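Asks: Input model-v3.cif, format and content: mmCIF, C-alpha atoms.
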```cif
data_protein
#
loop_
_atom_site.label_atom_id
_atom_site.label_comp_id
_atom_site.auth_asym_id
_atom_site.auth_seq_id
_atom_site.Cartn_x
_atom_site.Cartn_y
_atom_site.Cartn_z
CA MET A 1 0.00 0.00 0.00
CA ARG A 2 1.52 3.28 -1.04
CA PRO A 3 1.13 6.13 1.40
CA LYS A 4 -0.57 9.29 0.19
CA GLU A 5 2.71 11.21 -0.04
CA ASN A 6 4.18 8.56 -2.30
CA ILE A 7 1.22 8.74 -4.62
CA GLU A 8 1.50 12.50 -4.75
CA LYS A 9 5.22 12.25 -5.47
CA PHE A 10 4.53 9.61 -8.11
CA VAL A 11 2.12 11.92 -9.92
CA LYS A 12 4.28 15.01 -9.45
CA ASP A 13 7.41 13.39 -10.82
CA ARG A 14 5.67 12.18 -13.94
CA LYS A 15 4.47 15.48 -15.25
CA PRO A 16 4.06 15.09 -19.01
CA ASN A 17 6.85 16.70 -20.97
CA VAL A 18 5.18 17.76 -24.18
CA THR A 19 6.19 20.40 -26.66
CA THR A 20 4.06 22.25 -29.12
CA SER A 21 4.56 21.78 -32.82
CA ARG A 22 5.71 24.58 -35.11
CA GLN A 23 2.43 24.52 -36.96
CA MET A 24 0.51 24.93 -33.75
CA ASP A 25 2.76 27.82 -32.66
CA LYS A 26 2.32 29.55 -35.99
CA ARG A 27 -1.44 29.06 -36.09
CA THR A 28 -1.97 30.13 -32.48
CA LEU A 29 0.28 33.18 -32.68
CA ASN A 30 -1.14 34.36 -36.00
CA ASP A 31 -4.72 34.02 -34.78
CA SER A 32 -3.84 35.65 -31.46
CA PHE A 33 -2.21 38.63 -33.17
CA ALA A 34 -5.22 38.97 -35.44
CA ALA A 35 -7.58 38.92 -32.44
CA MET A 36 -5.41 41.45 -30.69
CA GLU A 37 -5.39 43.82 -33.66
CA GLN A 38 -9.11 43.44 -34.12
CA THR A 39 -9.76 44.41 -30.51
CA ILE A 40 -7.43 47.40 -30.71
CA ARG A 41 -9.05 48.56 -33.97
CA ALA A 42 -12.54 48.15 -32.58
CA LYS A 43 -11.65 50.07 -29.45
CA SER A 44 -10.01 52.94 -31.30
CA ALA A 45 -13.04 53.24 -33.60
CA ASP A 46 -15.68 53.04 -30.88
CA HIS A 47 -13.97 55.01 -28.20
CA LYS A 48 -12.41 57.92 -30.01
CA PRO A 49 -11.58 60.19 -27.12
CA SER A 50 -13.66 63.33 -27.14
CA THR A 51 -13.46 65.88 -24.33
CA PRO A 52 -17.07 65.46 -23.15
CA ARG A 53 -16.63 61.66 -23.19
CA ILE A 54 -13.41 61.81 -21.20
CA ILE A 55 -15.12 64.05 -18.66
CA THR A 56 -18.14 61.75 -18.49
CA LEU A 57 -16.11 58.59 -18.10
CA SER A 58 -13.46 59.66 -15.67
CA ARG A 59 -14.51 60.42 -12.13
CA MET A 60 -11.37 62.44 -11.53
CA MET A 61 -12.01 64.45 -14.66
CA LYS A 62 -15.56 65.14 -13.50
CA LEU A 63 -14.29 66.62 -10.26
CA THR A 64 -11.61 68.64 -12.03
CA ALA A 65 -14.11 70.01 -14.53
CA ALA A 66 -16.55 70.95 -11.77
CA ALA A 67 -13.78 72.70 -9.83
CA ALA A 68 -12.67 74.58 -12.94
CA VAL A 69 -16.21 75.75 -13.66
CA ILE A 70 -16.63 76.99 -10.08
CA ILE A 71 -13.30 78.83 -10.13
CA VAL A 72 -14.06 80.49 -13.46
CA GLY A 73 -17.52 81.48 -12.23
CA ILE A 74 -16.21 83.04 -9.04
CA SER A 75 -13.45 84.87 -10.91
CA PHE A 76 -15.95 86.26 -13.41
CA TYR A 77 -18.23 87.45 -10.61
CA ILE A 78 -15.39 89.15 -8.74
CA VAL A 79 -14.07 90.87 -11.84
CA HIS A 80 -17.40 92.16 -13.08
CA LYS A 81 -19.76 92.44 -10.13
CA GLY A 82 -18.00 91.63 -6.93
CA PRO A 83 -16.83 94.05 -4.30
CA SER A 84 -13.39 95.56 -4.54
CA GLU A 85 -11.73 97.54 -1.80
CA GLN A 86 -10.54 100.13 -4.25
CA GLY A 87 -14.02 100.43 -5.72
CA ILE A 88 -15.66 100.89 -2.33
CA THR A 89 -13.23 103.59 -1.31
CA THR A 90 -13.64 105.49 -4.55
CA LYS A 91 -17.41 105.28 -4.45
CA PHE A 92 -17.45 106.31 -0.81
CA LEU A 93 -15.31 109.36 -1.45
CA GLU A 94 -17.44 110.27 -4.43
CA THR A 95 -20.70 110.21 -2.50
CA VAL A 96 -19.59 111.57 0.84
CA GLU A 97 -19.09 115.28 0.66
CA SER A 98 -18.42 116.13 4.30
CA PRO A 99 -17.76 114.50 7.66
CA SER A 100 -21.26 115.49 8.61
CA GLU A 101 -22.52 112.82 6.27
CA ILE A 102 -20.44 110.25 8.10
CA MET A 103 -21.53 111.60 11.48
CA THR A 104 -25.16 110.97 10.79
CA MET A 105 -27.80 111.61 13.39
CA LYS A 106 -28.34 107.93 13.74
CA SER A 107 -24.72 107.17 14.54
CA LEU A 108 -24.58 110.06 16.97
CA LYS A 109 -27.74 108.82 18.65
CA ILE A 110 -26.28 105.33 19.02
CA ALA A 111 -23.04 106.81 20.37
CA TYR A 112 -24.97 108.92 22.91
CA SER A 113 -27.08 105.93 24.00
CA ARG A 114 -23.94 103.90 24.56
CA GLY A 115 -21.60 106.41 26.16
CA GLY A 116 -23.42 109.68 26.62
CA ILE A 117 -21.58 112.84 25.63
CA GLU A 118 -18.24 111.05 25.88
CA GLY A 119 -19.50 108.53 23.37
CA ILE A 120 -20.28 111.35 20.95
CA GLU A 121 -16.80 112.80 21.47
CA ASN A 122 -15.24 109.41 20.77
CA GLN A 123 -17.31 109.07 17.66
CA CYS A 124 -16.14 112.47 16.45
CA GLU A 125 -12.49 111.57 17.10
CA LYS A 126 -12.91 108.37 15.17
CA ALA A 127 -14.40 110.28 12.27
CA LEU A 128 -11.49 112.66 12.29
CA LYS A 129 -9.00 109.84 12.39
CA ILE A 130 -10.71 108.18 9.44
CA LEU A 131 -10.77 111.36 7.39
CA GLY A 132 -7.22 112.29 8.28
CA PRO A 133 -5.78 115.57 9.57
CA GLN A 134 -7.80 118.70 8.87
CA PRO A 135 -6.66 122.29 8.90
CA ALA A 136 -6.81 123.80 12.37
CA SER A 137 -8.89 126.66 11.10
CA ILE A 138 -11.91 124.45 10.59
CA SER A 139 -14.14 124.43 13.60
CA LEU A 140 -16.11 121.44 14.70
CA GLY A 141 -19.28 123.30 13.94
CA ASP A 142 -18.21 123.93 10.36
CA LEU A 143 -17.16 120.34 10.07
CA PHE A 144 -20.52 119.02 11.19
CA ASN A 145 -22.45 121.54 9.19
CA GLY A 146 -20.94 120.24 6.00
CA SER A 147 -19.19 123.45 4.96
CA LYS A 148 -16.25 122.95 2.70
CA SER A 149 -13.08 124.87 3.20
CA MET B 1 5.65 36.93 -10.89
CA VAL B 2 6.99 40.43 -11.45
CA GLU B 3 8.07 39.43 -14.93
CA ASP B 4 4.55 38.23 -15.64
CA LYS B 5 3.10 41.51 -14.41
CA ILE B 6 5.44 43.43 -16.72
CA LEU B 7 4.50 41.18 -19.62
CA VAL B 8 0.80 41.71 -18.92
CA TRP B 9 1.36 45.46 -18.64
CA LYS B 10 3.09 45.51 -22.03
CA PHE B 11 0.48 43.20 -23.52
CA ASN B 12 -2.30 45.53 -22.39
CA ARG B 13 -0.57 48.30 -24.30
CA GLY B 14 -0.71 46.28 -27.48
CA SER B 15 2.77 44.71 -27.48
CA LYS B 16 2.84 41.70 -29.79
CA ASP B 17 6.22 40.78 -28.45
CA ALA B 18 4.78 40.50 -24.93
CA LEU B 19 2.00 38.24 -26.19
CA ARG B 20 4.55 36.08 -28.01
CA ARG B 21 6.66 35.79 -24.86
CA ILE B 22 3.66 34.84 -22.76
CA TYR B 23 2.79 32.15 -25.28
CA GLU B 24 6.35 30.84 -25.43
CA LYS B 25 6.56 30.74 -21.66
CA PHE B 26 3.41 28.74 -20.96
CA LYS B 27 2.54 26.87 -24.15
CA ASP B 28 4.14 23.53 -23.25
CA ASP B 29 2.70 23.41 -19.74
CA LEU B 30 -0.75 24.31 -20.99
CA LEU B 31 -0.63 21.76 -23.78
CA GLY B 32 0.49 19.12 -21.26
CA LEU B 33 -2.47 20.00 -19.05
CA ALA B 34 -4.91 19.85 -21.94
CA ILE B 35 -3.54 16.52 -23.13
CA THR B 36 -3.78 15.05 -19.63
CA LEU B 37 -7.35 16.20 -19.31
CA LEU B 38 -8.56 15.28 -22.78
CA ARG B 39 -6.24 12.47 -23.84
CA ASP B 40 -6.38 13.81 -27.37
CA ARG B 41 -3.54 15.91 -28.73
CA SER B 42 -5.51 17.44 -31.53
CA LEU B 43 -8.32 18.54 -29.19
CA ALA B 44 -5.76 19.73 -26.67
CA GLU B 45 -4.05 21.90 -29.29
CA ASP B 46 -7.40 23.41 -30.17
CA VAL B 47 -8.06 24.19 -26.53
CA VAL B 48 -4.71 25.96 -26.06
CA HIS B 49 -5.22 27.81 -29.34
CA ASP B 50 -8.67 29.02 -28.30
CA VAL B 51 -7.47 30.08 -24.88
CA PHE B 52 -4.69 32.22 -26.35
CA VAL B 53 -6.90 33.77 -29.02
CA SER B 54 -9.44 34.65 -26.35
CA PHE B 55 -6.67 36.02 -24.12
CA ALA B 56 -5.32 38.15 -26.98
CA GLY B 57 -8.81 39.54 -27.56
CA ALA B 58 -8.81 40.92 -24.03
CA VAL B 59 -5.94 43.29 -24.81
CA GLY B 60 -6.24 46.60 -23.00
CA THR B 61 -8.74 45.34 -20.45
CA PHE B 62 -7.05 42.25 -19.05
CA HIS B 63 -6.62 42.42 -15.28
CA LEU B 64 -4.38 39.91 -13.56
CA SER B 65 -5.45 39.13 -10.00
CA GLY B 66 -3.48 35.94 -9.30
CA THR B 67 -0.66 34.36 -11.25
CA LEU B 68 -0.65 34.36 -15.03
CA LYS B 69 0.07 30.65 -15.11
CA GLY B 70 -2.83 29.97 -12.75
CA TYR B 71 -5.14 32.10 -14.87
CA LEU B 72 -4.19 30.40 -18.14
CA SER B 73 -4.30 26.94 -16.55
CA THR B 74 -7.81 27.68 -15.30
CA CYS B 75 -8.85 28.81 -18.79
CA VAL B 76 -7.44 25.63 -20.30
CA ALA B 77 -9.14 23.46 -17.65
CA ASN B 78 -12.49 25.18 -18.21
CA SER B 79 -12.22 24.96 -21.96
CA ALA B 80 -11.16 21.31 -21.77
CA ARG B 81 -14.12 20.53 -19.54
CA ASP B 82 -16.48 22.12 -22.07
CA ARG B 83 -14.91 20.11 -24.87
CA ASN B 84 -15.15 16.97 -22.83
CA ARG B 85 -18.86 17.56 -22.19
CA LEU B 86 -19.45 18.13 -25.88
CA ARG B 87 -17.61 14.97 -26.69
CA LEU B 88 -19.57 13.00 -24.11
CA GLY B 89 -22.79 14.40 -25.52
CA ARG B 90 -21.82 13.29 -29.01
CA ASP B 91 -20.69 9.86 -27.91
CA ALA B 92 -23.66 9.45 -25.53
CA GLY B 93 -21.69 6.81 -23.71
CA PRO B 94 -19.55 6.49 -20.62
CA ASP B 95 -16.54 8.67 -19.94
CA VAL B 96 -14.42 8.53 -23.04
CA MET B 97 -11.33 8.31 -20.91
CA GLU B 98 -12.67 5.34 -19.02
CA ALA B 99 -13.76 3.74 -22.23
CA ALA B 100 -10.32 4.25 -23.69
CA GLY B 101 -8.81 2.74 -20.58
CA SER B 102 -11.07 -0.31 -20.59
CA ASN B 103 -10.41 -0.94 -24.24
CA SER B 104 -6.74 -1.31 -23.53
CA ASP B 105 -5.14 -4.52 -22.40
CA GLY B 106 -5.15 -3.39 -18.78
CA PRO B 107 -3.04 -0.98 -16.77
CA MET B 108 -0.03 -3.26 -16.51
CA GLU B 109 0.16 -4.20 -20.16
CA HIS B 110 -0.60 -0.67 -21.14
CA ALA B 111 2.25 0.63 -19.07
CA ILE B 112 4.90 -1.84 -20.21
CA GLY B 113 7.43 -0.35 -22.55
CA ARG B 114 6.20 3.17 -22.05
CA GLU B 115 7.81 6.15 -20.41
CA GLU B 116 6.85 6.94 -16.87
CA SER B 117 4.90 10.03 -17.74
CA SER B 118 2.99 8.16 -20.38
CA ARG B 119 2.22 5.49 -17.79
CA LEU B 120 0.82 8.10 -15.48
CA GLN B 121 -1.32 9.46 -18.29
CA ASP B 122 -2.83 6.07 -18.73
CA LEU B 123 -3.48 5.71 -15.03
CA LEU B 124 -5.00 9.15 -14.79
CA ALA B 125 -7.21 8.35 -17.73
CA ARG B 126 -8.95 5.76 -15.59
CA LEU B 127 -10.08 8.38 -13.11
CA PRO B 128 -13.32 10.30 -13.51
CA TYR B 129 -12.73 13.61 -15.29
CA GLU B 130 -13.40 15.79 -12.20
CA GLN B 131 -10.89 13.89 -10.06
CA ARG B 132 -8.27 13.92 -12.80
CA GLU B 133 -8.74 17.66 -13.25
CA VAL B 134 -8.21 18.47 -9.58
CA ILE B 135 -5.19 16.18 -9.24
CA VAL B 136 -3.46 17.59 -12.31
CA LEU B 137 -4.18 21.21 -11.45
CA HIS B 138 -2.90 20.72 -7.91
CA LEU B 139 0.10 18.49 -8.44
CA HIS B 140 1.29 19.49 -11.91
CA HIS B 141 0.34 23.15 -11.98
CA GLY B 142 0.79 24.03 -8.32
CA MET B 143 -2.65 25.51 -7.90
CA ARG B 144 -4.05 25.59 -4.38
CA PHE B 145 -7.36 23.96 -3.55
CA ARG B 146 -8.86 27.39 -2.94
CA GLU B 147 -7.80 28.58 -6.39
CA ILE B 148 -9.11 25.43 -8.03
CA ALA B 149 -12.42 25.72 -6.21
CA LYS B 150 -12.79 29.32 -7.38
CA ALA B 151 -11.85 28.44 -10.94
CA LEU B 152 -14.23 25.49 -11.14
CA GLY B 153 -17.04 27.18 -9.28
CA VAL B 154 -17.33 24.53 -6.59
CA SER B 155 -16.68 24.50 -2.85
CA ILE B 156 -13.23 23.84 -1.47
CA ASN B 157 -14.58 20.73 0.30
CA THR B 158 -15.71 19.33 -3.03
CA VAL B 159 -12.27 19.95 -4.50
CA GLN B 160 -10.55 18.31 -1.54
CA SER B 161 -12.82 15.25 -1.64
CA ARG B 162 -12.33 14.88 -5.40
CA TYR B 163 -8.60 15.03 -4.82
CA ARG B 164 -8.72 12.49 -2.01
CA TYR B 165 -10.97 10.06 -3.89
CA GLY B 166 -8.84 10.49 -7.00
CA LEU B 167 -5.65 9.65 -5.15
CA ASP B 168 -7.32 6.68 -3.44
CA LYS B 169 -8.47 5.33 -6.77
CA LEU B 170 -5.05 5.90 -8.29
CA ARG B 171 -3.49 4.04 -5.39
CA SER B 172 -5.86 1.11 -5.78
CA ILE B 173 -5.14 0.96 -9.51
CA LEU B 174 -1.40 0.94 -8.82
CA ASN B 175 -1.83 -1.74 -6.15
CA SER B 176 -3.81 -3.93 -8.50
CA VAL B 177 -1.04 -3.49 -11.11
CA VAL B 178 1.60 -4.48 -8.57
CA THR B 179 -0.30 -7.55 -7.31
CA LYS B 180 -1.06 -8.89 -10.79
#
```
Can you present the structure in this file as C-alpha cells?
Replies:
Amino acid sequence: MRPKENIEKFVKDRKPNVTTSRQMDKRTLNDSFAAMEQTIRAKSADHKPSTPRIITLSRMMKLTAAAAVIIVGISFYIVHKGPSEQGITTKFLETVESPSEIMTMKSLKIAYSRGGIEGIENQCEKALKILGPQPASISLGDLFNGSKS
Amino acid sequence: MVEDKILVWKFNRGSKDALRRIYEKFKDDLLGLAITLLRDRSLAEDVVHDVFVSFAGAVGTFHLSGTLKGYLSTCVANSARDRNRLRLGRDAGPDVMEAAGSNSDGPMEHAIGREESSRLQDLLARLPYEQREVIVLHLHHGMRFREIAKALGVSINTVQSRYRYGLDKLRSILNSVVTK
C-alpha cells in the first residue's frame, strides 16, 4: 500500500513533458495577433476620445471640470460684479461730501445711547481719524455743518 | 511573478512581443495540461489555441489578479471541460477516458514499454474527469485547492474530496497493477 505522499510524489514526478509543434505555434500566434489587432481597432473606432466623453467617463475628470467651472464662475463674478476695496473707497469718497454725512444723526444717537456725551466725542475723534488731519482753522461746527473749506 | 506583471502590462498596451513571450513561456505546460485532461492531442491543441486567441482579444482590459500561469491553466481546464462535455454528448456513452482505458489490455500491459509520464497518463485516464482535473491542477500546476475551487465554481470541500478520492483510486489501480 503506497502512502498518500508517495502517490503525490509519483504523480508530481511524472508530469508530461510535451512540446508544441511549429504549426501549432504559428497558427496560435497568427490568430492571437489577429484577435489582438481586431480588438485594438474596434476600441479605437468606438472610443475615439472626445473631451465630453473623457469628462463623463473619468470620475477624476468630473471633479476637475466641476472645480474649474466653479473657479471660473467666481473669478468672473469678482471681476465684473463683486466688491473691490478700491471700488468701495472710490465710491465712498465720491458720495460723501463732508464728515457730517459720516456723522449721521443715527450714529450720533447710538453713540450717545452707549456712552453719553463722551460717546459722541469718541465718535467724532474716530471720524477725524478716518478722514485724516484737517486744517486747524476748521471748527467742529463747520465740520458738522458740511461746509467745505 | 513580477516578470509576468510586466508582460501583462506591455500586452495591455498592445505589445505583440509580450504576447509572443507569454505564449512561449506557458505553451508547453498548458498543452500538457490539456492533453492530460482530454487524452487527445488534436483537441488539446485546439483548446490551447482558443485560450490564447481569447486572451489576446482581451488586450487593454485584461486584469491579472493571481498568477498568469494559474489564470491560463484555469482557462485551459475550463475549456477542456467544455470540450469533454461536448464529446460526451456526441458519444452518448460512458466517460471517453474510461472507455479508452477499458479498451486497452489493462493498466499493466498498457504501461509496459512506455515512459513513466505516459504510464501516469494512462493511469489518470482511468479516473473520472473531475478527479483527474483536480489532481493535475494541484500536483502538476501548483494551484491551491482554494484557487481550483474558485476556478471550477465549486466548494473547497468538493475539491478536496475529489482530490482524495482520485488519489485513493489511483493508489488502488497501482496496487492492483503491482499484485497482478
Asks: Taking all atoms listed in the file into account, name the residue in B:Ile148, B:Gly60, B:Tyr165, B:Leu72 that is nearest to A:Gln38.
Replies: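 Looking at the shortest contact to A:Gln38, the residue is B:Gly60.
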Asks: Carefully work through the PyMOL selection byres ((chain A) within 7 of (chain B)) for this structure and note down the residues it includes, as a ChimeraX atom specification.
Replies: /A:1-2,7,11-12,14-20,28-29,31-33,35-36,39
Asks: Work out how far apart atom CA of B:Arg162 and atom CA of B:Glu130 are and give it in Å to one decimal.
Replies: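 For atom CA of B:Arg162 relative to atom CA of B:Glu130, the distance reads 6.9 Å.
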Asks: Taking into account all atoms listed in the file, which residue in the set B:Asp40, B:Leu64, B:Ser79, B:Lys150 is nearest to B:Ile6?
Replies: B:Leu64
Asks: Would you mind reading off the distance between atom CA of B:Gln131 and atom CA of A:Lys9, one decimal, in Å?
Replies: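 Going from atom CA of B:Gln131 over to atom CA of A:Lys9, I get 16.8 Å.
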Asks: Complete the atoms of stretch 26-47 of chain A to N, CA, C and O atoms and put them out as a PDB file, keeping the file's coordinate frame.
Replies:
```pdb
ATOM      1  N   LYS A  26       2.585  28.568 -34.938  1.00  0.00           N
ATOM      2  CA  LYS A  26       2.320  29.550 -35.990  1.00  0.00           C
ATOM      3  C   LYS A  26       0.825  29.888 -36.043  1.00  0.00           C
ATOM      4  O   LYS A  26       0.446  31.054 -36.083  1.00  0.00           O
ATOM      5  N   ARG A  27       0.018  28.860 -36.009  1.00  0.00           N
ATOM      6  CA  ARG A  27      -1.440  29.060 -36.090  1.00  0.00           C
ATOM      7  C   ARG A  27      -1.933  29.859 -34.882  1.00  0.00           C
ATOM      8  O   ARG A  27      -2.678  30.840 -35.029  1.00  0.00           O
ATOM      9  N   THR A  28      -1.486  29.457 -33.705  1.00  0.00           N
ATOM     10  CA  THR A  28      -1.970  30.130 -32.480  1.00  0.00           C
ATOM     11  C   THR A  28      -1.518  31.583 -32.443  1.00  0.00           C
ATOM     12  O   THR A  28      -2.313  32.479 -32.147  1.00  0.00           O
ATOM     13  N   LEU A  29      -0.225  31.806 -32.750  1.00  0.00           N
ATOM     14  CA  LEU A  29       0.280  33.180 -32.680  1.00  0.00           C
ATOM     15  C   LEU A  29      -0.385  34.062 -33.735  1.00  0.00           C
ATOM     16  O   LEU A  29      -0.773  35.199 -33.441  1.00  0.00           O
ATOM     17  N   ASN A  30      -0.504  33.558 -34.944  1.00  0.00           N
ATOM     18  CA  ASN A  30      -1.140  34.360 -36.000  1.00  0.00           C
ATOM     19  C   ASN A  30      -2.576  34.744 -35.627  1.00  0.00           C
ATOM     20  O   ASN A  30      -2.975  35.901 -35.765  1.00  0.00           O
ATOM     21  N   ASP A  31      -3.321  33.748 -35.152  1.00  0.00           N
ATOM     22  CA  ASP A  31      -4.720  34.020 -34.780  1.00  0.00           C
ATOM     23  C   ASP A  31      -4.790  34.957 -33.571  1.00  0.00           C
ATOM     24  O   ASP A  31      -5.691  35.796 -33.482  1.00  0.00           O
ATOM     25  N   SER A  32      -3.844  34.781 -32.646  1.00  0.00           N
ATOM     26  CA  SER A  32      -3.840  35.650 -31.460  1.00  0.00           C
ATOM     27  C   SER A  32      -3.528  37.096 -31.846  1.00  0.00           C
ATOM     28  O   SER A  32      -4.173  38.027 -31.368  1.00  0.00           O
ATOM     29  N   PHE A  33      -2.546  37.267 -32.724  1.00  0.00           N
ATOM     30  CA  PHE A  33      -2.210  38.630 -33.170  1.00  0.00           C
ATOM     31  C   PHE A  33      -3.397  39.264 -33.895  1.00  0.00           C
ATOM     32  O   PHE A  33      -3.684  40.450 -33.718  1.00  0.00           O
ATOM     33  N   ALA A  34      -4.056  38.449 -34.704  1.00  0.00           N
ATOM     34  CA  ALA A  34      -5.220  38.970 -35.440  1.00  0.00           C
ATOM     35  C   ALA A  34      -6.322  39.401 -34.463  1.00  0.00           C
ATOM     36  O   ALA A  34      -6.915  40.473 -34.623  1.00  0.00           O
ATOM     37  N   ALA A  35      -6.554  38.569 -33.442  1.00  0.00           N
ATOM     38  CA  ALA A  35      -7.580  38.920 -32.440  1.00  0.00           C
ATOM     39  C   ALA A  35      -7.195  40.173 -31.688  1.00  0.00           C
ATOM     40  O   ALA A  35      -8.027  41.029 -31.393  1.00  0.00           O
ATOM     41  N   MET A  36      -5.907  40.287 -31.416  1.00  0.00           N
ATOM     42  CA  MET A  36      -5.410  41.450 -30.690  1.00  0.00           C
ATOM     43  C   MET A  36      -5.617  42.721 -31.510  1.00  0.00           C
ATOM     44  O   MET A  36      -6.133  43.736 -31.015  1.00  0.00           O
ATOM     45  N   GLU A  37      -5.241  42.648 -32.785  1.00  0.00           N
ATOM     46  CA  GLU A  37      -5.390  43.820 -33.660  1.00  0.00           C
ATOM     47  C   GLU A  37      -6.851  44.206 -33.842  1.00  0.00           C
ATOM     48  O   GLU A  37      -7.199  45.384 -33.861  1.00  0.00           O
ATOM     49  N   GLN A  38      -7.671  43.186 -33.947  1.00  0.00           N
ATOM     50  CA  GLN A  38      -9.110  43.440 -34.120  1.00  0.00           C
ATOM     51  C   GLN A  38      -9.669  44.180 -32.904  1.00  0.00           C
ATOM     52  O   GLN A  38     -10.429  45.140 -33.054  1.00  0.00           O
ATOM     53  N   THR A  39      -9.278  43.742 -31.734  1.00  0.00           N
ATOM     54  CA  THR A  39      -9.760  44.410 -30.510  1.00  0.00           C
ATOM     55  C   THR A  39      -9.268  45.849 -30.461  1.00  0.00           C
ATOM     56  O   THR A  39     -10.034  46.759 -30.146  1.00  0.00           O
ATOM     57  N   ILE A  40      -7.987  46.040 -30.775  1.00  0.00           N
ATOM     58  CA  ILE A  40      -7.430  47.400 -30.710  1.00  0.00           C
ATOM     59  C   ILE A  40      -8.141  48.301 -31.723  1.00  0.00           C
ATOM     60  O   ILE A  40      -8.494  49.437 -31.404  1.00  0.00           O
ATOM     61  N   ARG A  41      -8.373  47.772 -32.935  1.00  0.00           N
ATOM     62  CA  ARG A  41      -9.050  48.560 -33.970  1.00  0.00           C
ATOM     63  C   ARG A  41     -10.476  48.921 -33.538  1.00  0.00           C
ATOM     64  O   ARG A  41     -10.916  50.052 -33.683  1.00  0.00           O
ATOM     65  N   ALA A  42     -11.149  47.916 -32.996  1.00  0.00           N
ATOM     66  CA  ALA A  42     -12.540  48.150 -32.580  1.00  0.00           C
ATOM     67  C   ALA A  42     -12.603  49.192 -31.469  1.00  0.00           C
ATOM     68  O   ALA A  42     -13.474  50.058 -31.464  1.00  0.00           O
ATOM     69  N   LYS A  43     -11.651  49.111 -30.563  1.00  0.00           N
ATOM     70  CA  LYS A  43     -11.650  50.070 -29.450  1.00  0.00           C
ATOM     71  C   LYS A  43     -11.369  51.476 -29.941  1.00  0.00           C
ATOM     72  O   LYS A  43     -12.007  52.428 -29.516  1.00  0.00           O
ATOM     73  N   SER A  44     -10.375  51.598 -30.823  1.00  0.00           N
ATOM     74  CA  SER A  44     -10.010  52.940 -31.300  1.00  0.00           C
ATOM     75  C   SER A  44     -11.132  53.544 -32.134  1.00  0.00           C
ATOM     76  O   SER A  44     -11.299  54.753 -32.179  1.00  0.00           O
ATOM     77  N   ALA A  45     -11.931  52.708 -32.803  1.00  0.00           N
ATOM     78  CA  ALA A  45     -13.040  53.240 -33.600  1.00  0.00           C
ATOM     79  C   ALA A  45     -14.220  53.639 -32.714  1.00  0.00           C
ATOM     80  O   ALA A  45     -14.821  54.692 -32.893  1.00  0.00           O
ATOM     81  N   ASP A  46     -14.506  52.783 -31.733  1.00  0.00           N
ATOM     82  CA  ASP A  46     -15.680  53.040 -30.880  1.00  0.00           C
ATOM     83  C   ASP A  46     -15.432  54.125 -29.847  1.00  0.00           C
ATOM     84  O   ASP A  46     -16.312  54.906 -29.530  1.00  0.00           O
ATOM     85  N   HIS A  47     -14.244  54.116 -29.316  1.00  0.00           N
ATOM     86  CA  HIS A  47     -13.970  55.010 -28.200  1.00  0.00           C
ATOM     87  C   HIS A  47     -12.982  56.108 -28.576  1.00  0.00           C
ATOM     88  O   HIS A  47     -11.988  56.291 -27.910  1.00  0.00           O
TER      89      HIS A  47
END
```
